[in-house]
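Just below is one structure, and these are the notes that go with it.
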Amino acid sequence: MTGGLEAVDDDENGVVHQWDAAVFNGVAGHFDEQSLDILRAQNEVAWIEEDIILQKSVASLTQQSNAPWGLSRLSSTTPLNVPARNFDPTNTTFSYTFPTTAGKGVDIYILDSGIRTTHDDFGNRAQFLETFVNGAQGTDRDGHGTHVACTTAGSFFGVAKSANVFAVKVLNDQGAGPISAIISGLSLVSERFANQTSTNSNSNNNATAGGAQAVVSPPTLRARAVANVNNFTLLNQLPTSLNSTSPGTGFRPAVVNMSLGGSGNSRSLDRAVKALIAQGVVVVVAAGNDGVDVGDSSPAGVAEAISVGAMDVRDQVPSFSNFGTQVAVFGPGKDIISCGINSDTGSAVLSGTSMAAPHVAGLSALLLGEDPTLTPAQVKTKIQSLALRGALGRGFKTGTGTQNLVAQVESK
């Protein structure tokens with residue numbers, strides 16, 4: 001160096017990096033105070049600053065020590081230590097480790113029988129949007145939707161404890177609803193998503209984006225889609241007209257949970273789901289409870305969606321869980337405790353792929369909370385790459401093309 005500039009006597013002496021480019025013109029190195037004073041006196045030197053060490057932008061982890069078994073299995077790489085028989089599903093002495101961001105800044109839409117939004121476990125993060133079926137307006141009289149919503153984002157029972165939850169009631173008070181109502185619910189999500197700007201602190205794009213809508217004229221239906229923890233039927237002929245546009249940027253991250261479905265195929269419903277996913281919304285669906293191959297059943301057969309099978313506390317697959325190549329991953333779905341509708345502190349235990357799906361919807365929200373730029377395809381790929389392989393035992397259908405994957409929280 002000129003002008004009497006000397007390097008600090010260190011393993012690395014003098015200039016370590018030198019740039020003469022459009023992005024930056026300067027040097028970095030190790031120098032003593034005298035050398036720095038000489039540098040500061042040079043007219044060519046605009047400023048001098050410390051070479052600060054930056055850290056990767058990931059959230060730290062926190063732990064819930066009184067969690068239900070379903071949450072615990074998501075963050076455990078080994079089988080849970082439970083009795084061989086007579087397991088109590090109300091046991092909440094398990095631990096659950098999850099990112100401290102906990103899905104903050106992510107919207108989860110629950111297309112179901114409604115939500116008891118006043119339940120304490122939502123902590124004022126739940127909002128009722130609209131009812132598209134007959135029955136009690138703005139509430140949940142069936143209990144299915146509240147249970148599902150609480151598993152996705154309840155502060156005690158939920159996976160993504162800081163996410164926002166929105167009720168879109170497409171199933172009536174007996175847990176049944178026409179496909180036209182479900183498509184109307186998807187259309188509502190599409191409109192909201194298109195009009196939402198991202199307020200997540202990790203997002204660099206806060207521009208308002210216009211966009212896609214999924215709209216189908218509701219037909220007169222003869223059959224209804226039943227969506228409790230039992231089997232479902234879809235026997236409807238529906239119109240195929242659907243308009244969609246490409247997704248824009250600057251959206252607030254969103255996940256849709258659809259714990260409903262059937263053994264039949266609806267082109268209209270599948271097309272609406274596909275359009276919403278193409279718009280940028282992650283859609284998680286229950287694989288179904290018929291104990292058969294998903295095939296092209298709606299909406300579990302939509303390849304772009306995340307179809308979820310059920311497992312029990314001992315890593316076994318219950319006989320009711322559907323399987324097949326369309327099942328992306330398995331999640332806790334038998335004897336799941338979550339919010340009930342009898343009071344604002346009530347709980348209930350339910351079983352079904354309806355219970356497995358919200359575990360994965362919550363996982364999707366956790367991933368989007370850390371990186372809101374992830375596309376639905378990237379979220380699905382990441383959930384599968386993080387999953388435990390080969391952990392499922394008795395009841396897993398080998399030779400069916402089903403992937404032996406157990407959903408897991410990302411650990412840093």
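Chain lettering (A, B, ...) mirrors the order of the structure tokens, residue numbering begins at 1 for each chain separately, and ligand numbering begins at 1 in order of display.
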
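Within the 12 Å cut-off around Asn124 of chain A, using only C-alpha atoms and omitting residues fewer than 5 positions from it on the same chain, the listed residues are Arg116, Thr117, Thr118, His119, Ala153, Gly154, Ser155, Lys161, Ser162, Ala163, Asn164, Val165, Phe166 and Asp344 of chain A.
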
Next on the checklist: Based on the backbone DSSP call, show me all residues of segment 33-191 of chain A assigned alpha helix (DSSP H), as a VMD selection string.
Outcome noted: chain A and resid 33 to 40 69 to 74 144 to 153 179 to 191

Checklist outcome for this item: If you count only C-alpha atoms, the residue of A:Phe193, A:Phe122, A:Phe320, A:Phe157 closest to Val349 of chain A turns out to be A:Phe157

Next on the checklist: I'd like to know which of A:Val285, A:Ala272, A:Ala102, A:Ala41 is closest to Ser180 of chain A, using only C-alpha atoms.
Outcome noted: A:Ala272

Next on the checklist: Let me make sure I understand: among A:Ile183, A:Thr77, A:Val406, A:Asn195, which one has the smallest atom-to-atom distance to Pro299 of chain A if we use only C-alpha atoms?
Outcome noted: A:Ile183

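Residue nearest Leu61 of chain A within the list A:Thr92, A:Ser297, A:Thr97, A:Ser338: A:Thr97 [criterion: smallest interatomic distance, only C-alpha atoms].
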
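Proximity ranking of A:Gly399, A:Pro79, A:Pro99, A:Gly362 relative to Gly324 of chain A places A:Gly399 first, based on only C-alpha atoms.
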
Next on the checklist: So that I can check the secondary structure, give me every residue of segment 40-115 of chain A assigned strand (DSSP E) by backbone DSSP, as a PyMOL selection string.
Outcome noted: chain A and resi 61-67+94-99+107-112

Written selection (C-alpha atoms) as a PDB file, in the first residue's frame:
ATOM      1  CA  LEU A  61     -36.914 -22.483  17.413  1.00  0.00           C
ATOM      2  CA  THR A  62     -39.103 -22.598  20.478  1.00  0.00           C
ATOM      3  CA  GLN A  63     -40.797 -25.465  22.287  1.00  0.00           C
ATOM      4  CA  GLN A  64     -44.227 -26.241  23.685  1.00  0.00           C
ATOM      5  CA  SER A  65     -43.827 -28.750  26.500  1.00  0.00           C
ATOM      6  CA  ASN A  66     -47.519 -29.568  26.987  1.00  0.00           C
ATOM      7  CA  ALA A  67     -48.510 -30.405  23.425  1.00  0.00           C
ATOM      8  CA  PHE A  94     -45.657 -34.192  24.723  1.00  0.00           C
ATOM      9  CA  SER A  95     -43.206 -31.601  23.398  1.00  0.00           C
ATOM     10  CA  TYR A  96     -43.506 -29.697  20.118  1.00  0.00           C
ATOM     11  CA  THR A  97     -40.631 -27.696  18.634  1.00  0.00           C
ATOM     12  CA  PHE A  98     -41.418 -25.082  16.005  1.00  0.00           C
ATOM     13  CA  PRO A  99     -40.078 -21.832  14.505  1.00  0.00           C
ATOM     14  CA  ASP A 107     -53.514 -16.318   6.101  1.00  0.00           C
ATOM     15  CA  ILE A 108     -55.127 -19.756   6.455  1.00  0.00           C
ATOM     16  CA  TYR A 109     -58.561 -20.191   4.932  1.00  0.00           C
ATOM     17  CA  ILE A 110     -60.654 -23.027   6.336  1.00  0.00           C
ATOM     18  CA  LEU A 111     -63.271 -24.185   3.812  1.00  0.00           C
ATOM     19  CA  ASP A 112     -65.461 -26.211   6.108  1.00  0.00           C
TER      20      ASP A 112
END
